[in-house]
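> Next comes the structure file model.csv, holding CSV, C-alpha atoms.
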chain,number,residue,atom,x,y,z
A,1,MET,CA,120.5,85.1,103.3
A,2,ARG,CA,120.7,83.5,106.8
A,3,MET,CA,118.4,80.7,105.6
A,4,VAL,CA,120.6,80.3,102.5
A,5,SER,CA,123.7,80.1,104.7
A,6,ALA,CA,122.0,77.4,106.8
A,7,SER,CA,120.6,75.4,103.9
A,8,PRO,CA,122.4,72.2,102.9
A,9,LYS,CA,121.3,72.8,99.2
A,10,LYS,CA,123.5,74.6,96.7
A,11,LEU,CA,120.8,76.2,94.5
A,12,HIS,CA,118.5,79.0,95.6
A,13,ILE,CA,116.3,81.6,93.8
A,14,ILE,CA,115.4,85.3,94.1
A,15,ALA,CA,112.5,86.1,91.7
A,16,SER,CA,111.2,89.5,90.8
A,17,LYS,CA,109.2,90.9,87.9
A,18,THR,CA,112.4,91.4,86.0
A,19,THR,CA,116.1,90.9,86.8
A,20,GLY,CA,116.5,94.6,86.6
A,21,THR,CA,113.8,95.1,89.3
A,22,ALA,CA,115.6,92.6,91.5
A,23,GLU,CA,118.9,94.4,91.0
A,24,LYS,CA,117.4,97.8,91.9
A,25,ASN,CA,115.2,96.7,94.9
A,26,ILE,CA,117.0,93.8,96.4
A,27,ILE,CA,120.6,93.3,95.3
A,28,LYS,CA,122.2,96.7,94.7
A,29,GLN,CA,120.1,99.2,96.8
A,30,ASP,CA,121.3,100.7,100.1
A,31,ASN,CA,121.1,97.9,102.7
A,32,GLY,CA,120.6,95.4,99.9
A,33,ILE,CA,122.3,92.0,99.6
A,34,LEU,CA,125.6,93.3,98.3
A,35,ASP,CA,125.7,96.1,100.9
A,36,LEU,CA,125.0,93.8,103.8
A,37,HIS,CA,126.9,90.7,102.6
A,38,ARG,CA,130.3,91.8,101.3
A,39,ASN,CA,131.3,88.2,100.5
A,40,ALA,CA,128.4,87.9,98.1
A,41,LYS,CA,129.3,88.4,94.4
A,42,TYR,CA,126.8,89.2,91.7
A,43,PHE,CA,127.1,88.1,88.1
A,44,GLY,CA,124.4,90.0,86.3
A,45,ASN,CA,125.3,88.5,82.9
A,46,GLY,CA,126.1,85.1,84.2
A,47,ASP,CA,129.6,83.5,83.9
A,48,LYS,CA,131.2,80.6,82.2
A,49,ASP,CA,129.5,78.1,84.5
A,50,ASN,CA,126.1,79.7,84.9
A,51,LYS,CA,124.7,81.7,81.9
A,52,LEU,CA,121.8,83.1,84.0
A,53,PRO,CA,122.2,86.1,86.4
A,54,HIS,CA,123.2,84.8,89.8
A,55,ILE,CA,124.8,85.5,93.1
A,56,LYS,CA,127.6,83.4,94.5
A,57,PHE,CA,127.4,83.3,98.3
A,58,GLU,CA,129.3,80.9,100.6
A,59,GLY,CA,129.8,78.4,97.8
A,60,LYS,CA,126.2,78.5,96.8
A,61,ILE,CA,124.3,79.8,93.8
A,62,ILE,CA,121.3,82.1,94.0
A,63,TYR,CA,119.6,82.4,90.6
A,64,ILE,CA,118.0,85.8,89.8
A,65,LEU,CA,114.9,85.2,87.8
A,66,GLY,CA,112.4,87.5,86.2
A,67,TYR,CA,109.0,85.9,86.3
A,68,ASP,CA,107.9,88.0,83.3
A,69,ASN,CA,110.0,85.8,81.1
A,70,LYS,CA,108.5,82.3,81.0
A,71,ASP,CA,111.1,80.8,78.8
A,72,LYS,CA,113.9,81.7,81.2
A,73,TRP,CA,112.3,80.5,84.4
A,74,GLN,CA,111.2,77.3,82.8
A,75,ASN,CA,114.8,76.5,82.0
A,76,VAL,CA,115.7,76.8,85.7
A,77,LEU,CA,112.8,74.9,87.3
A,78,GLY,CA,114.0,71.4,86.8
A,79,SER,CA,115.8,71.2,90.1
A,80,GLN,CA,115.0,71.3,93.8
A,81,PHE,CA,116.0,74.5,95.6
A,82,GLY,CA,116.8,75.4,99.2
A,83,CYS,CA,115.5,78.9,99.6
A,84,VAL,CA,113.2,80.9,97.3
A,85,TYR,CA,112.3,84.5,97.7
A,86,ILE,CA,109.5,86.0,95.5
A,87,ASP,CA,109.2,89.8,95.4
A,88,GLU,CA,105.6,91.1,94.9
A,89,ILE,CA,104.1,87.7,94.4
A,90,ASN,CA,100.7,89.2,93.6
A,91,THR,CA,102.1,90.3,90.2
A,92,ALA,CA,103.9,87.0,89.5
A,93,ASP,CA,103.0,84.5,86.8
A,94,ILE,CA,100.7,82.1,88.7
A,95,ASP,CA,102.2,79.2,86.8
A,96,PHE,CA,105.6,80.2,88.1
A,97,VAL,CA,104.3,80.4,91.7
A,98,ARG,CA,102.6,77.0,91.5
A,99,GLU,CA,105.7,75.4,90.0
A,100,ILE,CA,108.2,76.8,92.4
A,101,SER,CA,106.0,76.2,95.5
A,102,THR,CA,106.8,72.4,95.3
A,103,ARG,CA,110.5,72.8,94.6
A,104,ASN,CA,111.9,74.4,97.7
A,105,ASP,CA,112.6,73.8,101.4
A,106,TYR,CA,111.8,77.4,102.4
A,107,LEU,CA,109.8,80.1,100.6
A,108,MET,CA,109.3,83.7,101.5
A,109,ALA,CA,107.3,86.2,99.5
A,110,THR,CA,106.3,89.8,99.7
A,111,LEU,CA,103.1,91.4,98.2
A,112,ASN,CA,101.3,94.6,97.8
A,113,PRO,CA,97.5,95.0,98.2
A,114,ASP,CA,95.8,93.8,95.0
A,115,ASP,CA,92.6,92.3,93.6
A,116,PRO,CA,91.5,89.7,96.2
A,117,SER,CA,90.1,87.5,93.4
A,118,LEU,CA,93.6,86.8,92.1
A,119,PRO,CA,94.4,83.0,92.3
A,120,VAL,CA,97.5,83.7,94.4
A,121,TYR,CA,95.4,84.7,97.3
A,122,LYS,CA,93.1,81.7,97.3
A,123,GLU,CA,95.9,79.2,96.6
A,124,PHE,CA,98.7,80.6,98.7
A,125,VAL,CA,98.3,83.8,100.7
A,126,ASN,CA,94.9,83.1,102.3
A,127,ARG,CA,96.2,79.6,103.4
A,128,SER,CA,98.7,81.2,105.8
A,129,ARG,CA,98.0,82.4,109.4
A,130,PRO,CA,99.5,85.1,111.6
A,131,TYR,CA,101.2,84.6,114.9
A,132,LYS,CA,98.7,85.3,117.7
A,133,LYS,CA,101.1,87.9,119.1
A,134,TYR,CA,100.8,90.0,115.9
A,135,ILE,CA,97.2,89.3,114.9
A,136,GLY,CA,96.2,92.8,116.1
A,137,ASP,CA,98.4,94.4,113.4
A,138,ILE,CA,96.3,93.0,110.6
A,139,PRO,CA,93.3,95.0,109.3
A,140,LYS,CA,90.0,93.1,110.0
A,141,GLU,CA,89.2,93.2,106.3
A,142,ILE,CA,92.3,91.1,105.5
A,143,LEU,CA,92.0,88.9,108.5
A,144,SER,CA,88.5,87.9,107.4
A,145,GLU,CA,89.9,86.6,104.1
A,146,LEU,CA,92.6,84.3,105.6
A,147,THR,CA,90.1,81.5,105.6
A,148,GLU,CA,91.4,78.9,103.1
A,149,GLU,CA,92.6,75.6,104.4
A,150,PRO,CA,95.8,76.4,106.3
A,151,VAL,CA,99.1,74.8,105.7
A,152,PRO,CA,101.2,74.1,108.8
A,153,ASN,CA,103.9,76.7,109.4
A,154,TRP,CA,102.7,79.1,106.7
A,155,ARG,CA,102.9,82.5,108.3
A,156,TYR,CA,101.3,85.8,107.3
A,157,TRP,CA,102.8,89.2,108.3
A,158,PHE,CA,101.3,92.6,107.8
A,159,PHE,CA,103.6,95.6,107.7
A,160,SER,CA,102.8,99.3,107.7
A,161,PHE,CA,104.8,102.5,107.3
A,162,ARG,CA,105.5,102.4,111.1
A,163,ASP,CA,107.5,99.1,110.6
A,164,ASN,CA,109.9,100.9,108.3
A,165,LEU,CA,112.6,102.3,110.7
A,166,GLY,CA,114.0,104.3,107.8
A,167,LEU,CA,111.0,106.6,107.7
A,168,SER,CA,110.6,109.5,110.1
A,169,GLN,CA,107.2,110.5,111.4
A,170,ALA,CA,107.3,113.6,109.1
A,171,GLU,CA,107.9,111.3,106.1
A,172,ILE,CA,105.0,109.0,107.1
A,173,ASP,CA,102.7,112.0,107.6
A,174,LYS,CA,103.6,113.3,104.2
A,175,LYS,CA,102.9,110.0,102.5
A,176,ILE,CA,99.5,109.8,104.2
A,177,ALA,CA,98.6,113.4,103.3
A,178,SER,CA,99.6,112.9,99.6
A,179,ALA,CA,96.9,110.3,98.9
A,180,PRO,CA,93.3,111.6,98.6
A,181,LYS,CA,91.0,109.8,101.0
A,182,GLY,CA,88.3,107.7,99.4
A,183,THR,CA,90.5,106.7,96.4
A,184,LYS,CA,91.8,103.3,95.5
A,185,LEU,CA,95.3,104.7,96.0
A,186,TYR,CA,94.5,105.6,99.6
A,187,LYS,CA,92.9,102.2,100.3
A,188,ASN,CA,95.8,100.2,98.9
A,189,LYS,CA,98.9,102.3,99.7
A,190,ILE,CA,97.9,104.0,102.9
A,191,LEU,CA,95.4,101.6,104.6
A,192,GLY,CA,97.1,98.5,103.1
A,193,LEU,CA,93.7,97.0,102.1
A,194,ARG,CA,93.1,94.7,99.1
A,195,GLY,CA,91.0,96.1,96.3
A,196,ARG,CA,90.2,95.5,92.6
A,197,THR,CA,91.6,97.7,89.9
A,198,THR,CA,88.1,98.9,88.9
A,199,GLY,CA,86.2,101.4,90.9
A,200,LEU,CA,87.1,104.9,92.3
A,201,CYS,CA,90.4,106.2,90.9
A,202,PHE,CA,89.9,109.8,91.7
A,203,ASN,CA,87.8,111.4,94.5
A,204,LEU,CA,85.2,113.3,92.6
A,205,GLU,CA,83.9,116.1,94.8
A,206,ASN,CA,80.7,118.0,94.5
A,207,LYS,CA,82.5,121.1,93.4
A,208,ASN,CA,83.6,119.2,90.3
A,209,ILE,CA,80.1,118.2,89.3
A,210,ILE,CA,77.8,120.5,87.2
A,211,ASN,CA,74.1,120.2,86.4
A,212,LEU,CA,72.4,120.6,83.0
A,213,GLN,CA,71.5,124.3,83.6
A,214,THR,CA,75.2,125.1,84.3
A,215,ALA,CA,76.3,123.1,81.2
A,216,LYS,CA,73.9,125.1,79.0
A,217,LYS,CA,75.6,128.3,79.9
A,218,LEU,CA,79.0,127.1,78.8
A,219,GLU,CA,80.4,127.2,75.3
A,220,PHE,CA,82.0,123.8,74.6
A,221,VAL,CA,84.8,123.4,72.1
A,222,ARG,CA,85.0,119.6,72.0
A,223,PHE,CA,82.9,116.6,72.9
A,224,SER,CA,83.6,113.0,73.5
A,225,ALA,CA,81.4,110.0,74.1
A,226,GLY,CA,82.3,106.5,75.4
A,227,LEU,CA,80.7,103.2,76.1
A,228,ASP,CA,82.0,100.5,78.5
A,229,THR,CA,80.6,97.2,79.7
A,230,THR,CA,81.3,94.9,82.6
A,231,TYR,CA,80.3,91.3,83.0
A,232,SER,CA,80.2,89.2,86.1
A,233,GLN,CA,78.8,85.8,87.2
A,234,THR,CA,77.9,87.1,90.6
A,235,SER,CA,76.4,90.5,89.8
A,236,PRO,CA,74.2,92.1,87.1
A,237,ASP,CA,75.9,93.1,83.9
A,238,THR,CA,76.4,96.8,83.5
A,239,ILE,CA,76.7,99.2,80.6
A,240,ALA,CA,78.1,102.6,81.2
A,241,PHE,CA,77.7,105.6,78.8
A,242,THR,CA,80.0,108.5,79.3
A,243,PHE,CA,79.6,112.0,77.7
A,244,ILE,CA,82.3,114.6,78.1
A,245,GLY,CA,82.3,118.2,77.0
A,246,ARG,CA,85.4,120.5,77.2
A,247,ASN,CA,84.9,124.2,77.3
A,248,THR,CA,88.5,125.4,78.2
A,249,PRO,CA,91.8,123.6,78.4
A,250,THR,CA,91.5,123.2,82.1
A,251,TYR,CA,87.8,122.4,82.6
A,252,VAL,CA,85.9,119.2,81.8
A,253,GLY,CA,82.3,118.5,82.6
A,254,GLU,CA,81.3,114.8,82.6
A,255,ILE,CA,78.0,113.0,82.8
A,256,THR,CA,77.9,109.2,83.3
A,257,TYR,CA,74.9,106.9,83.1
A,258,PHE,CA,75.0,103.4,84.4
A,259,SER,CA,72.4,100.9,83.1
A,260,PRO,CA,72.1,97.4,84.6
A,261,TYR,CA,70.9,94.6,82.3
A,262,PHE,CA,69.9,91.2,83.6
A,263,LEU,CA,70.7,88.5,81.1
A,264,ASN,CA,68.9,85.2,81.1
What does the file become when written as structure tokens?

Amino acid sequence: MRMVSASPKKLHIIASKTTGTAEKNIIKQDNGILDLHRNAKYFGNGDKDNKLPHIKFEGKIIYILGYDNKDKWQNVLGSQFGCVYIDEINTADIDFVREISTRNDYLMATLNPDDPSLPVYKEFVNRSRPYKKYIGDIPKEILSELTEEPVPNWRYWFFSFRDNLGLSQAEIDKKIASAPKGTKLYKNKILGLRGRTTGLCFNLENKNIINLQTAKKLEFVRFSAGLDTTYSQTSPDTIAFTFIGRNTPTYVGEITYFSPYFLN
């Protein structure tokens, strides 16, 4: 909001997945825009002059856009804007990001760890660089990916739980303990590392795995079988067969077979 105040332009943008998400996380929450800036007025249904949701602040207009609705954001992007804020840019429509990136004087975006093959990383995030003072805060796995051709003054920041002054040490410890180590949840939400959506979702321990001899001793009441495939230009194609047998409402035994096929 300080950048909006200093900008000579009248029109600005806050973009989130939906306008409702922007209201909840940015505008109306404790310490949100309306809480910190009492002279800002929010028109969630627009007004007689601007039909789209917007904030009026110091004689300027901040449009609130949901990048999930292409028809609406396309109606707005015919102008040049002063400041643009994109919430969770990793989930944004990449066409929206590309379009708005050339129509602003100042752009700031937040993101959560996601699939590093998403175009937003190559085209935008990995072209930024950290300040030397804070380079030690960035995990080496992420730092090694900030290798695309840099753009002057594009800055990358990495934040962890400890940068949130609203969290006590007990609350941080609870969050860390709640996510099983070795899972994608732990990698993304606790370590802050990027990762694809495929892979380990639950930490399957040895105590959860049975062998054929144990399975023969059980009386199964239901069976299920599945087949899945994955294709990649950089690795062998894989077919996975899954067979599940249920013997009680609370126990499931599972056997999975992975078979790689090399296609010419």
> Determine, counting all atoms listed in the file, which protein, DNA and RNA residues have an atom within 6 Å of an atom of Ala15 (chain A); residues of the same chain fewer than 6 positions away are not included. Present the result as a PyMOL selection string.
chain A and resi 64-66+86
> I'd like to know which of A:Arg98, A:Glu148, A:Leu107, A:Arg194 is closest to Lys122 (chain A), using all atoms listed in the file.
A:Glu148
> If you measure from CA of Arg162 (chain A) to CA of Gly192 (chain A), what distance in Å do you get, rounded to one decimal?
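So the answer is 12.2 Å.
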> Do you have, as JSON lines, the list of residues of region 74-132 of chain A lying at most 9 Å from region 42-63 of chain A, each with its nearest atom pair and that distance in Å to one decimal, counting all atoms listed in the file and ordered by chain then number?

{"residue": "A:Val76", "atom": "CA", "partner": "A:Tyr63", "partner_atom": "CA", "distance": 8.4}
{"residue": "A:Cys83", "atom": "CA", "partner": "A:Ile62", "partner_atom": "CA", "distance": 8.7}
{"residue": "A:Val84", "atom": "CA", "partner": "A:Ile62", "partner_atom": "CA", "distance": 8.8}
> To one decimal in Å, tell me the separation between CA of Ile244 (chain A) and CA of Asp115 (chain A).
29.0 Å
> Counting only C-alpha atoms, which residues come within 12 Å of (94.6, 106.2, 97.9), with the point read in the file's coordinates, and could you list them as a VMD selection string?
chain A and resid 113 175 to 195 199 to 203
> Kindly indicate which residue among A:Leu218, A:Leu11, A:Leu111, A:Ile138 lies nearest to Gly78 (chain A), using all atoms listed in the file for the distances.
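Closest to Gly78 (chain A) of all the choices is A:Leu11.
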> Could you please determine the separation between CA of Thr242 (chain A) and CA of Leu212 (chain A) in Å, to one decimal place?
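Those two atoms sit 14.8 Å apart.
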